[in-house]
Amino acid sequence: AALRDARAISATPPYGPEGTFNGFHPERPATERIDHVFVSRHWRVLRWGVLTDSIDGRAPSDHYPLAVRLAFD
């Protein structure tokens with residue numbers, strides 16, 4: 001109860017798809033969000049995003065990375 005989902009409280013709209021699992025298939029829509037960032041009340045979430053970059057149609061991982069910009073209050 002002390003931790004909050006960073007995506008839900010981002011000051012700006014979340015960037016990218018909600019899903020983070022690609023199963024090494026970046027051409028498919030990412031619908032499952034299995035990666036999270038949780039923050040305590042001391043943190044303000046400025047931005048939250050899922051980075052879906054690939055090179056030559058290949059993903060470097062079966063998960064897309066999350067990028068979160070935080071400020072400590």
# chains A, B, ... in the order shown; residues from 1 in each chain; ligands from 1
$ residues_around --residues "Arg47 (chain A)" --least-positions-apart "5" --cutoff "10 Å" --atoms "only C-alpha atoms" --output "JSON, numbers by chain"
{"A": [6, 7, 9, 10, 11, 12, 13, 14, 15, 67, 68, 69, 70, 71]}
$ residues_around --residues "Thr52 (chain A)" --least-positions-apart "4" --cutoff "8 Å" --atoms "only C-alpha atoms" --output "MDAnalysis selection string"
chainID A and resid 16 26 64:65
$ atom_distance --atom1 "CA of Ala59 (chain A)" --atom2 "CA of Glu27 (chain A)"
9.4 Å
$ residues_around --residues "region 39-43 of chain A" --least-positions-apart "3" --cutoff "6 Å" --atoms "only C-alpha atoms" --output "number ranges by chain"
A: 3-4, 71-73
$ atom_distance --atom1 "CA of Thr20 (chain A)" --atom2 "CA of Ala2 (chain A)"
23.8 Å
$ closest_residue --among "A:Gly57, A:Leu51, A:Arg44, A:Ala8" --to "Arg28 (chain A)" --atoms "only C-alpha atoms"
A:Gly57
$ select_by_dssp --residues "region 39-72 of chain A" --states "strand (DSSP E or B)" --output "list in words"
Val39, Trp43, Arg44, Val45, Leu46, Arg47, Trp48, Gly49, Val50, Ile55, Arg58, His63, Leu66, Ala67, Val68, Arg69, Leu70, Ala71 and Phe72 of chain A
$ write_last_selection --atoms "N, CA, C and O atoms" --output "CSV table (one decimal), in the first residue's frame"
chain,number,residue,atom,x,y,z
A,39,VAL,N,6.9,3.4,-6.8
A,39,VAL,CA,7.6,4.5,-6.1
A,39,VAL,C,6.9,4.8,-4.8
A,39,VAL,O,5.7,4.6,-4.7
A,43,TRP,N,8.6,10.3,-4.1
A,43,TRP,CA,9.0,10.5,-5.5
A,43,TRP,C,7.8,11.0,-6.3
A,43,TRP,O,6.7,10.6,-6.2
A,44,ARG,N,8.2,11.9,-7.3
A,44,ARG,CA,7.2,12.4,-8.2
A,44,ARG,C,7.6,11.9,-9.6
A,44,ARG,O,8.8,11.9,-10.0
A,45,VAL,N,6.6,11.3,-10.3
A,45,VAL,CA,6.9,10.7,-11.6
A,45,VAL,C,6.7,11.8,-12.7
A,45,VAL,O,5.5,12.2,-12.9
A,46,LEU,N,7.7,12.2,-13.3
A,46,LEU,CA,7.6,13.2,-14.4
A,46,LEU,C,7.2,12.6,-15.7
A,46,LEU,O,6.4,13.2,-16.4
A,47,ARG,N,7.8,11.5,-16.0
A,47,ARG,CA,7.5,10.8,-17.3
A,47,ARG,C,7.7,9.3,-17.1
A,47,ARG,O,8.5,8.9,-16.3
A,48,TRP,N,6.9,8.6,-17.9
A,48,TRP,CA,7.0,7.1,-17.9
A,48,TRP,C,6.8,6.7,-19.4
A,48,TRP,O,6.0,7.2,-20.1
A,49,GLY,N,7.7,5.7,-19.8
A,49,GLY,CA,7.5,5.2,-21.1
A,49,GLY,C,8.1,3.8,-21.4
A,49,GLY,O,8.9,3.4,-20.6
A,50,VAL,N,7.6,3.2,-22.4
A,50,VAL,CA,8.1,1.9,-22.9
A,50,VAL,C,8.8,2.2,-24.2
A,50,VAL,O,8.3,2.7,-25.1
A,55,ILE,N,16.4,-3.2,-34.0
A,55,ILE,CA,17.4,-3.0,-35.1
A,55,ILE,C,17.1,-4.1,-36.1
A,55,ILE,O,17.2,-5.3,-35.7
A,58,ARG,N,14.8,-6.8,-35.1
A,58,ARG,CA,15.2,-7.7,-34.0
A,58,ARG,C,15.2,-6.9,-32.7
A,58,ARG,O,15.8,-5.8,-32.6
A,63,HIS,N,11.7,-8.4,-23.3
A,63,HIS,CA,11.0,-7.3,-22.6
A,63,HIS,C,11.5,-6.0,-23.2
A,63,HIS,O,12.6,-5.8,-23.6
A,66,LEU,N,11.7,0.0,-19.7
A,66,LEU,CA,11.0,1.2,-19.2
A,66,LEU,C,11.9,2.3,-19.0
A,66,LEU,O,13.1,2.1,-18.5
A,67,ALA,N,11.5,3.5,-19.3
A,67,ALA,CA,12.2,4.7,-19.0
A,67,ALA,C,11.3,5.6,-18.1
A,67,ALA,O,10.2,5.9,-18.5
A,68,VAL,N,11.8,6.0,-17.0
A,68,VAL,CA,11.0,6.7,-16.0
A,68,VAL,C,11.9,7.9,-15.5
A,68,VAL,O,13.0,7.7,-15.2
A,69,ARG,N,11.3,9.1,-15.6
A,69,ARG,CA,12.0,10.3,-15.1
A,69,ARG,C,11.3,10.6,-13.8
A,69,ARG,O,10.1,10.8,-13.7
A,70,LEU,N,12.1,10.7,-12.7
A,70,LEU,CA,11.6,10.9,-11.4
A,70,LEU,C,12.2,12.2,-10.8
A,70,LEU,O,13.3,12.6,-11.1
A,71,ALA,N,11.5,12.7,-9.8
A,71,ALA,CA,12.0,13.8,-9.0
A,71,ALA,C,11.8,13.5,-7.5
A,71,ALA,O,10.7,13.0,-7.2
A,72,PHE,N,12.8,13.7,-6.7
A,72,PHE,CA,12.6,13.5,-5.3
A,72,PHE,C,12.1,14.7,-4.6
A,72,PHE,O,12.6,15.8,-4.7
$ atom_distance --atom1 "CA of Phe38 (chain A)" --atom2 "CA of Asp5 (chain A)"
4.7 Å
$ residues_around --residues "Ile34 (chain A)" --least-positions-apart "2" --cutoff "7 Å" --atoms "only C-alpha atoms" --output "list of chain:residue names"
A:Thr20, A:Phe21, A:Glu32, A:His36
$ write_last_selection --atoms "N, CA and C atoms" --output "PDB file, in the first residue's frame"
ATOM      1  N   THR A  20       4.804  -4.581 -22.048  1.00  0.00           N
ATOM      2  CA  THR A  20       6.268  -4.572 -22.026  1.00  0.00           C
ATOM      3  C   THR A  20       6.878  -5.882 -22.507  1.00  0.00           C
ATOM      4  N   PHE A  21       6.074  -6.911 -22.693  1.00  0.00           N
ATOM      5  CA  PHE A  21       6.597  -8.215 -23.108  1.00  0.00           C
ATOM      6  C   PHE A  21       6.434  -8.366 -24.613  1.00  0.00           C
ATOM      7  N   GLU A  32       0.949  -7.388 -22.898  1.00  0.00           N
ATOM      8  CA  GLU A  32       1.145  -7.789 -21.500  1.00  0.00           C
ATOM      9  C   GLU A  32       2.151  -6.869 -20.817  1.00  0.00           C
ATOM     10  N   HIS A  36       7.315  -3.303 -14.127  1.00  0.00           N
ATOM     11  CA  HIS A  36       6.729  -2.179 -13.408  1.00  0.00           C
ATOM     12  C   HIS A  36       7.816  -1.395 -12.682  1.00  0.00           C
TER      13      HIS A  36
END
$ decode --residues "chain A" --atoms "C-alpha atoms" --output "PDB file, in the first residue's frame"
ATOM      1  CA  ALA A   1       0.000   0.000   0.000  1.00  0.00           C
ATOM      2  CA  ALA A   2       2.989   2.313   0.475  1.00  0.00           C
ATOM      3  CA  LEU A   3       4.142   1.976  -3.138  1.00  0.00           C
ATOM      4  CA  ARG A   4       2.409   3.407  -6.212  1.00  0.00           C
ATOM      5  CA  ASP A   5       2.563   2.356  -9.853  1.00  0.00           C
ATOM      6  CA  ALA A   6       4.679   4.981 -11.640  1.00  0.00           C
ATOM      7  CA  ARG A   7       2.683   4.653 -14.869  1.00  0.00           C
ATOM      8  CA  ALA A   8      -0.571   5.477 -13.104  1.00  0.00           C
ATOM      9  CA  ILE A   9       0.757   8.670 -11.509  1.00  0.00           C
ATOM     10  CA  SER A  10       2.933  10.043 -14.314  1.00  0.00           C
ATOM     11  CA  ALA A  11       2.599  13.845 -14.684  1.00  0.00           C
ATOM     12  CA  THR A  12       2.619  13.428 -18.470  1.00  0.00           C
ATOM     13  CA  PRO A  13       0.701  10.821 -20.473  1.00  0.00           C
ATOM     14  CA  PRO A  14       2.532   7.469 -20.631  1.00  0.00           C
ATOM     15  CA  TYR A  15       4.679   7.000 -23.738  1.00  0.00           C
ATOM     16  CA  GLY A  16       4.507   3.863 -25.870  1.00  0.00           C
ATOM     17  CA  PRO A  17       2.348   0.774 -25.461  1.00  0.00           C
ATOM     18  CA  GLU A  18       1.088  -0.383 -22.101  1.00  0.00           C
ATOM     19  CA  GLY A  19       2.606  -3.815 -22.693  1.00  0.00           C
ATOM     20  CA  THR A  20       6.268  -4.572 -22.026  1.00  0.00           C
ATOM     21  CA  PHE A  21       6.597  -8.215 -23.108  1.00  0.00           C
ATOM     22  CA  ASN A  22       7.471  -8.828 -26.766  1.00  0.00           C
ATOM     23  CA  GLY A  23       8.722 -12.432 -26.681  1.00  0.00           C
ATOM     24  CA  PHE A  24      11.478 -11.467 -29.168  1.00  0.00           C
ATOM     25  CA  HIS A  25       8.757 -10.519 -31.689  1.00  0.00           C
ATOM     26  CA  PRO A  26       8.755  -6.710 -31.940  1.00  0.00           C
ATOM     27  CA  GLU A  27       6.365  -6.867 -34.912  1.00  0.00           C
ATOM     28  CA  ARG A  28       3.568  -8.104 -32.633  1.00  0.00           C
ATOM     29  CA  PRO A  29       1.619  -5.700 -30.407  1.00  0.00           C
ATOM     30  CA  ALA A  30       2.876  -5.689 -26.819  1.00  0.00           C
ATOM     31  CA  THR A  31      -0.224  -6.242 -24.711  1.00  0.00           C
ATOM     32  CA  GLU A  32       1.145  -7.789 -21.500  1.00  0.00           C
ATOM     33  CA  ARG A  33       2.668  -5.399 -18.965  1.00  0.00           C
ATOM     34  CA  ILE A  34       4.956  -7.562 -16.853  1.00  0.00           C
ATOM     35  CA  ASP A  35       7.513  -4.890 -15.929  1.00  0.00           C
ATOM     36  CA  HIS A  36       6.729  -2.179 -13.408  1.00  0.00           C
ATOM     37  CA  VAL A  37       8.293   0.672 -11.482  1.00  0.00           C
ATOM     38  CA  PHE A  38       6.816   1.344  -8.067  1.00  0.00           C
ATOM     39  CA  VAL A  39       7.616   4.475  -6.074  1.00  0.00           C
ATOM     40  CA  SER A  40       7.049   5.687  -2.547  1.00  0.00           C
ATOM     41  CA  ARG A  41       5.328   8.967  -1.756  1.00  0.00           C
ATOM     42  CA  HIS A  42       8.690  10.766  -1.753  1.00  0.00           C
ATOM     43  CA  TRP A  43       8.989  10.462  -5.523  1.00  0.00           C
ATOM     44  CA  ARG A  44       7.196  12.427  -8.216  1.00  0.00           C
ATOM     45  CA  VAL A  45       6.915  10.723 -11.615  1.00  0.00           C
ATOM     46  CA  LEU A  46       7.588  13.248 -14.365  1.00  0.00           C
ATOM     47  CA  ARG A  47       7.539  10.838 -17.330  1.00  0.00           C
ATOM     48  CA  TRP A  48       6.997   7.132 -17.917  1.00  0.00           C
ATOM     49  CA  GLY A  49       7.535   5.233 -21.140  1.00  0.00           C
ATOM     50  CA  VAL A  50       8.078   1.902 -22.853  1.00  0.00           C
ATOM     51  CA  LEU A  51      10.904   1.993 -25.411  1.00  0.00           C
ATOM     52  CA  THR A  52      10.134  -0.219 -28.404  1.00  0.00           C
ATOM     53  CA  ASP A  53      13.206   0.360 -30.566  1.00  0.00           C
ATOM     54  CA  SER A  54      14.523  -2.552 -32.596  1.00  0.00           C
ATOM     55  CA  ILE A  55      17.351  -2.993 -35.088  1.00  0.00           C
ATOM     56  CA  ASP A  56      16.631  -4.732 -38.375  1.00  0.00           C
ATOM     57  CA  GLY A  57      13.394  -6.080 -36.900  1.00  0.00           C
ATOM     58  CA  ARG A  58      15.191  -7.703 -33.952  1.00  0.00           C
ATOM     59  CA  ALA A  59      14.596  -6.875 -30.321  1.00  0.00           C
ATOM     60  CA  PRO A  60      17.557  -6.984 -27.918  1.00  0.00           C
ATOM     61  CA  SER A  61      15.399  -8.612 -25.229  1.00  0.00           C
ATOM     62  CA  ASP A  62      12.039 -10.305 -24.790  1.00  0.00           C
ATOM     63  CA  HIS A  63      11.010  -7.312 -22.647  1.00  0.00           C
ATOM     64  CA  TYR A  64      10.883  -3.688 -23.700  1.00  0.00           C
ATOM     65  CA  PRO A  65      12.763  -1.386 -21.334  1.00  0.00           C
ATOM     66  CA  LEU A  66      10.969   1.155 -19.200  1.00  0.00           C
ATOM     67  CA  ALA A  67      12.225   4.721 -18.997  1.00  0.00           C
ATOM     68  CA  VAL A  68      11.047   6.747 -16.034  1.00  0.00           C
ATOM     69  CA  ARG A  69      12.008  10.286 -15.096  1.00  0.00           C
ATOM     70  CA  LEU A  70      11.643  10.914 -11.367  1.00  0.00           C
ATOM     71  CA  ALA A  71      12.029  13.841  -9.002  1.00  0.00           C
ATOM     72  CA  PHE A  72      12.616  13.450  -5.293  1.00  0.00           C
ATOM     73  CA  ASP A  73      10.306  15.621  -3.210  1.00  0.00           C
TER      74      ASP A  73
END
